[in-house]
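Next comes work27.pdb, with PDB, C-alpha atoms, pLDDT in the B column.
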ATOM      1  CA  GLU A   1      16.973  -5.592   6.596  1.00 54.00           C
ATOM      2  CA  ALA A   2      18.648  -2.589   8.224  1.00 51.00           C
ATOM      3  CA  ARG A   3      17.315  -3.512  11.654  1.00 59.00           C
ATOM      4  CA  GLY A   4      20.419  -3.599  13.841  1.00 58.00           C
ATOM      5  CA  ASP A   5      22.731  -3.146  10.844  1.00 56.00           C
ATOM      6  CA  SER A   6      22.923   0.277   9.224  1.00 61.00           C
ATOM      7  CA  SER A   7      25.115  -1.151   6.444  1.00 61.00           C
ATOM      8  CA  GLN A   8      21.893  -2.684   5.057  1.00 65.00           C
ATOM      9  CA  CYS A   9      20.171   0.692   4.600  1.00 75.00           C
ATOM     10  CA  GLY A  10      18.550   1.121   1.203  1.00 77.00           C
ATOM     11  CA  PHE A  11      15.257   1.032  -0.661  1.00 87.00           C
ATOM     12  CA  GLN A  12      13.922  -2.520  -0.738  1.00 87.00           C
ATOM     13  CA  PRO A  13      10.232  -2.635  -1.730  1.00 93.00           C
ATOM     14  CA  SER A  14       8.119  -5.367  -0.204  1.00 90.00           C
ATOM     15  CA  TYR A  15       5.888  -7.786  -2.141  1.00 94.00           C
ATOM     16  CA  PRO A  16       2.907  -8.340  -2.173  1.00 95.00           C
ATOM     17  CA  ALA A  17       2.299  -4.712  -1.156  1.00 96.00           C
ATOM     18  CA  THR A  18       3.995  -3.659  -4.403  1.00 97.00           C
ATOM     19  CA  SER A  19       1.438  -5.506  -6.541  1.00 98.00           C
ATOM     20  CA  PRO A  20      -0.836  -3.102  -8.448  1.00 98.00           C
ATOM     21  CA  TYR A  21      -3.683  -5.597  -7.944  1.00 98.00           C
ATOM     22  CA  VAL A  22      -3.885  -5.283  -4.166  1.00 98.00           C
ATOM     23  CA  THR A  23      -4.752  -2.385  -1.869  1.00 98.00           C
ATOM     24  CA  ALA A  24      -1.656  -1.739   0.251  1.00 98.00           C
ATOM     25  CA  VAL A  25      -2.285  -0.319   3.726  1.00 98.00           C
ATOM     26  CA  GLY A  26       0.178   1.755   5.756  1.00 97.00           C
ATOM     27  CA  ALA A  27       0.091   2.472   9.489  1.00 97.00           C
ATOM     28  CA  THR A  28      -0.451   5.630  11.509  1.00 98.00           C
ATOM     29  CA  GLN A  29      -0.234   6.514  15.187  1.00 97.00           C
ATOM     30  CA  GLY A  30      -1.204   9.360  17.493  1.00 96.00           C
ATOM     31  CA  PRO A  31      -4.939   9.360  18.255  1.00 95.00           C
ATOM     32  CA  GLU A  32      -4.540   6.306  20.521  1.00 95.00           C
ATOM     33  CA  ALA A  33      -2.556   8.641  22.817  1.00 93.00           C
ATOM     34  CA  ASN A  34      -4.804  11.683  22.224  1.00 95.00           C
ATOM     35  CA  GLY A  35      -2.278  13.150  19.800  1.00 96.00           C
ATOM     36  CA  PRO A  36      -2.352  14.199  16.152  1.00 97.00           C
ATOM     37  CA  GLU A  37      -2.394  11.401  13.592  1.00 98.00           C
ATOM     38  CA  VAL A  38       1.054  10.933  12.026  1.00 97.00           C
ATOM     39  CA  ALA A  39       2.823   8.198  10.095  1.00 97.00           C
ATOM     40  CA  CYS A  40       3.738   5.363  12.442  1.00 96.00           C
ATOM     41  CA  SER A  41       7.474   5.300  13.129  1.00 93.00           C
ATOM     42  CA  SER A  42       9.751   3.679  15.657  1.00 91.00           C
ATOM     43  CA  ASN A  43      11.410   7.070  16.036  1.00 86.00           C
ATOM     44  CA  THR A  44       8.158   8.534  17.381  1.00 88.00           C
ATOM     45  CA  GLY A  45       7.469   5.641  19.733  1.00 89.00           C
ATOM     46  CA  GLY A  46       5.459   3.579  17.260  1.00 89.00           C
ATOM     47  CA  LEU A  47       7.623   0.445  17.721  1.00 86.00           C
ATOM     48  CA  ILE A  48       7.403  -0.189  13.976  1.00 89.00           C
ATOM     49  CA  THR A  49       7.755   2.064  10.956  1.00 92.00           C
ATOM     50  CA  THR A  50       5.146   2.063   8.226  1.00 93.00           C
ATOM     51  CA  GLY A  51       6.510   0.666   4.998  1.00 89.00           C
ATOM     52  CA  GLY A  52       6.280   2.259   1.598  1.00 95.00           C
ATOM     53  CA  GLY A  53       8.117   2.946  -1.606  1.00 96.00           C
ATOM     54  CA  PHE A  54       8.250   1.988  -5.251  1.00 97.00           C
ATOM     55  CA  SER A  55       8.242  -1.404  -6.949  1.00 97.00           C
ATOM     56  CA  THR A  56      11.286  -2.525  -8.906  1.00 97.00           C
ATOM     57  CA  PHE A  57       9.124  -4.975 -10.876  1.00 97.00           C
ATOM     58  CA  PHE A  58       5.645  -3.513 -11.484  1.00 98.00           C
ATOM     59  CA  ASP A  59       5.087  -0.372 -13.546  1.00 98.00           C
ATOM     60  CA  ARG A  60       3.045   2.417 -12.041  1.00 98.00           C
ATOM     61  CA  PRO A  61      -0.676   1.793 -12.770  1.00 98.00           C
ATOM     62  CA  ALA A  62      -2.753   4.513 -14.392  1.00 98.00           C
ATOM     63  CA  TYR A  63      -5.072   4.876 -11.386  1.00 98.00           C
ATOM     64  CA  GLN A  64      -2.293   6.359  -9.214  1.00 98.00           C
ATOM     65  CA  LYS A  65      -0.214   8.111 -11.853  1.00 98.00           C
ATOM     66  CA  ALA A  66      -1.332  11.692 -11.163  1.00 98.00           C
ATOM     67  CA  ALA A  67      -1.160  11.410  -7.361  1.00 98.00           C
ATOM     68  CA  VAL A  68       2.299   9.831  -7.313  1.00 98.00           C
ATOM     69  CA  GLU A  69       3.814  12.115  -9.915  1.00 98.00           C
ATOM     70  CA  LYS A  70       2.659  15.113  -7.880  1.00 98.00           C
ATOM     71  CA  TYR A  71       4.494  13.659  -4.894  1.00 97.00           C
ATOM     72  CA  LEU A  72       7.674  13.133  -6.897  1.00 97.00           C
ATOM     73  CA  GLN A  73       7.484  16.726  -8.106  1.00 97.00           C
ATOM     74  CA  ASP A  74       6.744  18.396  -4.755  1.00 96.00           C
ATOM     75  CA  ALA A  75       7.988  15.998  -2.051  1.00 96.00           C
ATOM     76  CA  PRO A  76      10.099  17.416   0.762  1.00 94.00           C
ATOM     77  CA  ALA A  77      13.531  15.856   1.349  1.00 93.00           C
ATOM     78  CA  LEU A  78      13.052  13.445  -1.557  1.00 95.00           C
ATOM     79  CA  PRO A  79      15.966  11.005  -1.902  1.00 94.00           C
ATOM     80  CA  PRO A  80      17.823  11.062  -5.230  1.00 93.00           C
ATOM     81  CA  LEU A  81      15.640   9.497  -7.930  1.00 94.00           C
ATOM     82  CA  SER A  82      18.549   7.271  -8.892  1.00 92.00           C
ATOM     83  CA  ASP A  83      18.361   5.594  -5.455  1.00 93.00           C
ATOM     84  CA  PHE A  84      14.899   4.072  -5.927  1.00 95.00           C
ATOM     85  CA  SER A  85      12.598   2.887  -8.699  1.00 96.00           C
ATOM     86  CA  SER A  86      10.679   6.135  -9.116  1.00 96.00           C
ATOM     87  CA  ALA A  87       8.740   4.852 -12.164  1.00 97.00           C
ATOM     88  CA  GLY A  88       7.407   1.785 -10.345  1.00 98.00           C
ATOM     89  CA  ARG A  89       4.091   0.998  -8.680  1.00 98.00           C
ATOM     90  CA  ALA A  90       4.013   3.156  -5.562  1.00 98.00           C
ATOM     91  CA  TYR A  91       2.666   2.019  -2.190  1.00 98.00           C
ATOM     92  CA  PRO A  92       0.827   2.140   0.161  1.00 98.00           C
ATOM     93  CA  ASP A  93      -2.539   3.214  -1.200  1.00 98.00           C
ATOM     94  CA  VAL A  94      -4.202   4.133   2.103  1.00 98.00           C
ATOM     95  CA  SER A  95      -3.457   3.796   5.806  1.00 98.00           C
ATOM     96  CA  MET A  96      -5.158   3.111   9.115  1.00 98.00           C
ATOM     97  CA  MET A  97      -4.211   3.274  12.773  1.00 97.00           C
ATOM     98  CA  GLY A  98      -1.478   0.727  13.424  1.00 96.00           C
ATOM     99  CA  HIS A  99      -0.155   1.295  16.946  1.00 95.00           C
ATOM    100  CA  ASN A 100      -0.939  -0.125  20.395  1.00 94.00           C
ATOM    101  CA  TYR A 101      -3.696  -2.624  19.640  1.00 94.00           C
ATOM    102  CA  ILE A 102      -4.726  -4.799  22.553  1.00 91.00           C
ATOM    103  CA  GLU A 103      -4.554  -8.487  21.600  1.00 89.00           C
ATOM    104  CA  ILE A 104      -5.817 -11.424  23.631  1.00 92.00           C
ATOM    105  CA  ILE A 105      -3.916 -14.659  22.948  1.00 92.00           C
ATOM    106  CA  GLN A 106      -4.828 -17.728  25.040  1.00 94.00           C
ATOM    107  CA  GLY A 107      -6.242 -15.461  27.710  1.00 95.00           C
ATOM    108  CA  GLN A 108      -3.143 -13.267  27.890  1.00 94.00           C
ATOM    109  CA  GLU A 109      -3.154  -9.580  26.985  1.00 94.00           C
ATOM    110  CA  TYR A 110      -0.524  -8.246  24.594  1.00 90.00           C
ATOM    111  CA  VAL A 111       0.036  -4.956  22.794  1.00 89.00           C
ATOM    112  CA  GLY A 112       0.715  -5.091  19.062  1.00 88.00           C
ATOM    113  CA  SER A 113       1.620  -2.576  16.373  1.00 91.00           C
ATOM    114  CA  GLY A 114       2.144  -2.730  12.623  1.00 91.00           C
ATOM    115  CA  THR A 115       0.541  -2.874   9.211  1.00 93.00           C
ATOM    116  CA  SER A 116      -0.554  -6.379  10.232  1.00 91.00           C
ATOM    117  CA  ALA A 117      -2.941  -4.472  12.502  1.00 94.00           C
ATOM    118  CA  SER A 118      -3.922  -1.624  10.178  1.00 97.00           C
ATOM    119  CA  SER A 119      -4.594  -3.881   7.172  1.00 97.00           C
ATOM    120  CA  PRO A 120      -7.321  -6.021   8.783  1.00 96.00           C
ATOM    121  CA  VAL A 121      -8.938  -2.864  10.189  1.00 97.00           C
ATOM    122  CA  PHE A 122      -9.177  -1.474   6.669  1.00 98.00           C
ATOM    123  CA  ALA A 123     -10.504  -4.830   5.451  1.00 98.00           C
ATOM    124  CA  ALA A 124     -13.217  -4.638   8.111  1.00 98.00           C
ATOM    125  CA  VAL A 125     -14.217  -1.185   6.859  1.00 98.00           C
ATOM    126  CA  VAL A 126     -14.496  -2.540   3.307  1.00 98.00           C
ATOM    127  CA  THR A 127     -16.638  -5.410   4.584  1.00 98.00           C
ATOM    128  CA  LEU A 128     -19.031  -2.927   6.188  1.00 98.00           C
ATOM    129  CA  ILE A 129     -19.122  -0.918   2.959  1.00 98.00           C
ATOM    130  CA  ASN A 130     -19.972  -4.040   0.969  1.00 98.00           C
ATOM    131  CA  ASP A 131     -22.662  -4.916   3.495  1.00 98.00           C
ATOM    132  CA  ALA A 132     -24.226  -1.474   3.088  1.00 98.00           C
ATOM    133  CA  ARG A 133     -24.122  -1.695  -0.714  1.00 98.00           C
ATOM    134  CA  LEU A 134     -25.668  -5.166  -0.759  1.00 98.00           C
ATOM    135  CA  LYS A 135     -28.467  -4.000   1.534  1.00 98.00           C
ATOM    136  CA  ALA A 136     -29.053  -1.134  -0.896  1.00 98.00           C
ATOM    137  CA  GLY A 137     -29.407  -3.626  -3.752  1.00 98.00           C
ATOM    138  CA  LYS A 138     -26.007  -2.857  -5.236  1.00 98.00           C
ATOM    139  CA  LYS A 139     -22.975  -5.024  -5.986  1.00 98.00           C
ATOM    140  CA  ALA A 140     -19.880  -5.357  -3.806  1.00 98.00           C
ATOM    141  CA  VAL A 141     -17.194  -2.780  -4.553  1.00 97.00           C
ATOM    142  CA  GLY A 142     -14.738  -5.169  -6.225  1.00 96.00           C
ATOM    143  CA  PHE A 143     -11.228  -3.854  -6.964  1.00 97.00           C
ATOM    144  CA  LEU A 144     -10.913  -0.731  -4.829  1.00 97.00           C
ATOM    145  CA  ASN A 145      -7.880   1.171  -6.021  1.00 98.00           C
ATOM    146  CA  PRO A 146      -9.223   3.163  -9.002  1.00 98.00           C
ATOM    147  CA  ALA A 147     -12.156   4.403  -6.909  1.00 98.00           C
ATOM    148  CA  LEU A 148      -9.935   5.235  -3.916  1.00 98.00           C
ATOM    149  CA  TYR A 149      -7.681   7.490  -5.958  1.00 98.00           C
ATOM    150  CA  GLU A 150     -10.695   9.074  -7.647  1.00 98.00           C
ATOM    151  CA  PHE A 151     -12.238   9.785  -4.239  1.00 98.00           C
ATOM    152  CA  ALA A 152      -8.969  11.381  -3.112  1.00 98.00           C
ATOM    153  CA  SER A 153      -9.691  14.085  -5.685  1.00 96.00           C
ATOM    154  CA  SER A 154     -13.491  14.188  -5.763  1.00 97.00           C
ATOM    155  CA  THR A 155     -14.318  13.343  -2.131  1.00 97.00           C
ATOM    156  CA  PRO A 156     -11.288  14.303  -0.013  1.00 97.00           C
ATOM    157  CA  ALA A 157     -13.353  14.089   3.194  1.00 98.00           C
ATOM    158  CA  ALA A 158     -13.195  10.296   2.792  1.00 98.00           C
ATOM    159  CA  PHE A 159      -9.574  10.464   3.955  1.00 98.00           C
ATOM    160  CA  ASN A 160      -7.486  12.121   6.630  1.00 98.00           C
ATOM    161  CA  ASP A 161      -4.426  13.552   4.920  1.00 98.00           C
ATOM    162  CA  ILE A 162      -1.377  12.583   6.992  1.00 98.00           C
ATOM    163  CA  THR A 163       1.390  15.145   6.558  1.00 97.00           C
ATOM    164  CA  GLN A 164       3.863  14.291   9.327  1.00 97.00           C
ATOM    165  CA  GLY A 165       6.360  11.462   9.562  1.00 96.00           C
ATOM    166  CA  ARG A 166       9.380   9.822   7.966  1.00 94.00           C
ATOM    167  CA  ASN A 167      10.082   6.154   7.265  1.00 91.00           C
ATOM    168  CA  ASN A 168      13.861   5.995   7.547  1.00 87.00           C
ATOM    169  CA  CYS A 169      14.035   4.088  10.863  1.00 85.00           C
ATOM    170  CA  ALA A 170      13.766   0.333  11.404  1.00 82.00           C
ATOM    171  CA  ALA A 171      11.534  -1.184  14.077  1.00 83.00           C
ATOM    172  CA  GLY A 172      12.613  -0.799  17.682  1.00 80.00           C
ATOM    173  CA  GLU A 173      12.582   1.534  20.654  1.00 78.00           C
ATOM    174  CA  PRO A 174      13.674   5.162  20.143  1.00 76.00           C
ATOM    175  CA  GLY A 175      17.398   5.411  20.801  1.00 75.00           C
ATOM    176  CA  GLN A 176      17.879   1.694  20.182  1.00 76.00           C
ATOM    177  CA  ASN A 177      16.487   1.529  16.644  1.00 80.00           C
ATOM    178  CA  THR A 178      18.525   1.772  13.466  1.00 85.00           C
ATOM    179  CA  CYS A 179      17.848   4.938  11.459  1.00 83.00           C
ATOM    180  CA  CYS A 180      19.086   5.314   7.891  1.00 87.00           C
ATOM    181  CA  PRO A 181      20.201   8.603   6.355  1.00 85.00           C
ATOM    182  CA  LEU A 182      17.571   8.452   3.619  1.00 90.00           C
ATOM    183  CA  GLY A 183      13.839   7.780   3.693  1.00 92.00           C
ATOM    184  CA  PHE A 184      10.542   9.163   2.454  1.00 95.00           C
ATOM    185  CA  THR A 185       8.683  12.014   4.149  1.00 96.00           C
ATOM    186  CA  ALA A 186       4.932  12.429   4.610  1.00 97.00           C
ATOM    187  CA  THR A 187       3.378  15.420   2.910  1.00 98.00           C
ATOM    188  CA  THR A 188       0.106  16.792   1.558  1.00 97.00           C
ATOM    189  CA  GLY A 189      -1.584  14.338  -0.802  1.00 98.00           C
ATOM    190  CA  TRP A 190      -0.263  10.864  -1.573  1.00 98.00           C
ATOM    191  CA  ASP A 191       3.048   9.852  -0.025  1.00 98.00           C
ATOM    192  CA  PRO A 192       4.963   6.560   0.387  1.00 97.00           C
ATOM    193  CA  LEU A 193       4.187   6.337   4.100  1.00 97.00           C
ATOM    194  CA  THR A 194       0.413   6.671   4.350  1.00 98.00           C
ATOM    195  CA  GLY A 195      -0.776   6.667   0.744  1.00 98.00           C
ATOM    196  CA  ILE A 196      -3.662   9.049   0.102  1.00 98.00           C
ATOM    197  CA  GLY A 197      -4.323   9.134   3.840  1.00 98.00           C
ATOM    198  CA  SER A 198      -6.051   7.251   6.595  1.00 98.00           C
ATOM    199  CA  VAL A 199      -9.663   6.370   5.974  1.00 97.00           C
ATOM    200  CA  ASN A 200     -12.657   8.222   7.379  1.00 98.00           C
ATOM    201  CA  ALA A 201     -14.819   5.108   7.428  1.00 97.00           C
ATOM    202  CA  TRP A 202     -18.203   6.830   7.479  1.00 97.00           C
ATOM    203  CA  ASN A 203     -17.366   9.214   4.638  1.00 98.00           C
ATOM    204  CA  LEU A 204     -15.790   6.466   2.537  1.00 98.00           C
ATOM    205  CA  ARG A 205     -18.913   4.370   3.050  1.00 98.00           C
ATOM    206  CA  ALA A 206     -21.053   7.268   1.820  1.00 98.00           C
ATOM    207  CA  ALA A 207     -18.841   7.728  -1.231  1.00 98.00           C
ATOM    208  CA  PHE A 208     -19.103   4.085  -2.222  1.00 98.00           C
ATOM    209  CA  LEU A 209     -22.850   4.032  -1.563  1.00 98.00           C
ATOM    210  CA  ALA A 210     -23.228   6.906  -4.005  1.00 97.00           C
ATOM    211  CA  LEU A 211     -21.754   4.792  -6.806  1.00 97.00           C
ATOM    212  CA  PRO A 212     -24.083   2.720  -9.023  1.00 96.00           C
TER     213      PRO A 212
END
As structure tokens, how would this structure be written, given the file I've shared?
Amino acid sequence: EARGDSSQCGFQPSYPATSPYVTAVGATQGPEANGPEVACSSNTGGLITTGGGFSTFFDRPAYQKAAVEKYLQDAPALPPLSDFSSAGRAYPDVSMMGHNYIEIIQGQEYVGSGTSASSPVFAAVVTLINDARLKAGKKAVGFLNPALYEFASSTPAAFNDITQGRNNCAAGEPGQNTCCPLGFTATTGWDPLTGIGSVNAWNLRAAFLALP
């Protein structure tokens, strides 16, 4: 809501990403331009800024409690806890590349960015994981989140930890976008920009294949 109007700056979590029953996906950028992978932000040329934060309605689920509380304890430049619902369900859970996707619409080529790009990419990875499990005679993975957070501790190679970025700027071109004084900052481990990190698809597939 702060896009073009800095008086609207504030922490406004977005449903359905805040639901504890979905896997929320953030967006990253960098490798598409042969650079390091960072949180996608309009201030770094990403056109959009990856969303994230804390629900004002849903309590924090047990599966993410340890990861999120570590962030709240150690986070750099953390806004005052009184400014956001620090006890709520935190999001996103994971992230994927979300910048500069080529789209073909009615024969015309466009470039798109956003979590509306990163989310279906993650969904495709999960589809391939389910396919591999079914071929191995196992069941589909079902609800992902408890396993994802467990893998973040037991199988960290399944994720790329994203430690650079800030989500205080609204969508737009650098210099023309609205940036708010407060926002969340990426750091080691879970953060409210990229979750537990972007997914290493091959390693995540191996981790899920190892489950019964």
Residues in the PyMOL selection byres ((chain A and resi 157) around 12), expressed as an MDAnalysis selection string: chainID A and resid 148 151:156 158:161 196:207
Explicit residue set for the PyMOL selection byres ((chain A and resi 40) around 9), as a ChimeraX atom specification: /A:26-30,37-39,41-50,97-99,114,165-167,193-194
Test item: residues at most 7 Å from Ala90 of chain A, all atoms listed in the file, excluding those fewer than 3 positions along its chain, as an MDAnalysis selection string: chainID A and resid 18 53:55 60 192
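Interatomic distance, atom CA of Tyr101 of chain A against atom CA of Trp190 of chain A: 25.4 Å.
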Selection result of the PyMOL selection byres ((chain A and resi 143) around 12) on this file, as a PyMOL selection string: chain A and resi 20-23+63+126+130+139-142+144-149
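Atom pair atom CA of Ser19 of chain A / atom CA of Gly52 of chain A: separated by 12.2 Å.
Separating atom CA of Thr187 of chain A from atom CA of Gln164 of chain A is a distance of 6.5 Å.
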Closest of A:Cys9, A:Leu209, A:Ala117, A:Leu128 to Ser95 of chain A - atom-to-atom distances counting all atoms listed in the file: A:Ala117
Minimum-distance residue to Pro92 of chain A, chosen among A:Gly112, A:Gly195, A:Gly107, A:Gly172 (using all atoms listed in the file):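 That would be A:Gly195, the residue with the smallest distance to Pro92 of chain A.
Considering the residues A:Ala171, A:Ala24, A:Ala77, A:Leu134 and counting only C-alpha atoms, Phe208 of chain A has its shortest atom-to-atom contact with A:Leu134.
Nearest residue to Asn100 of chain A, choosing from A:Ala33, A:Ala62, A:Ala67, A:Ala124 and counting only C-alpha atoms: A:Ala33.
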Neighbour list for Val68 of chain A as a list in words, cut-off 8 Å, all atoms listed in the file, skip fewer than 3 positions in-chain: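 After dropping sequence-adjacent residues, the list is Gln64, Lys65, Tyr71, Leu72, Ala90, Trp190 and Asp191 of chain A.
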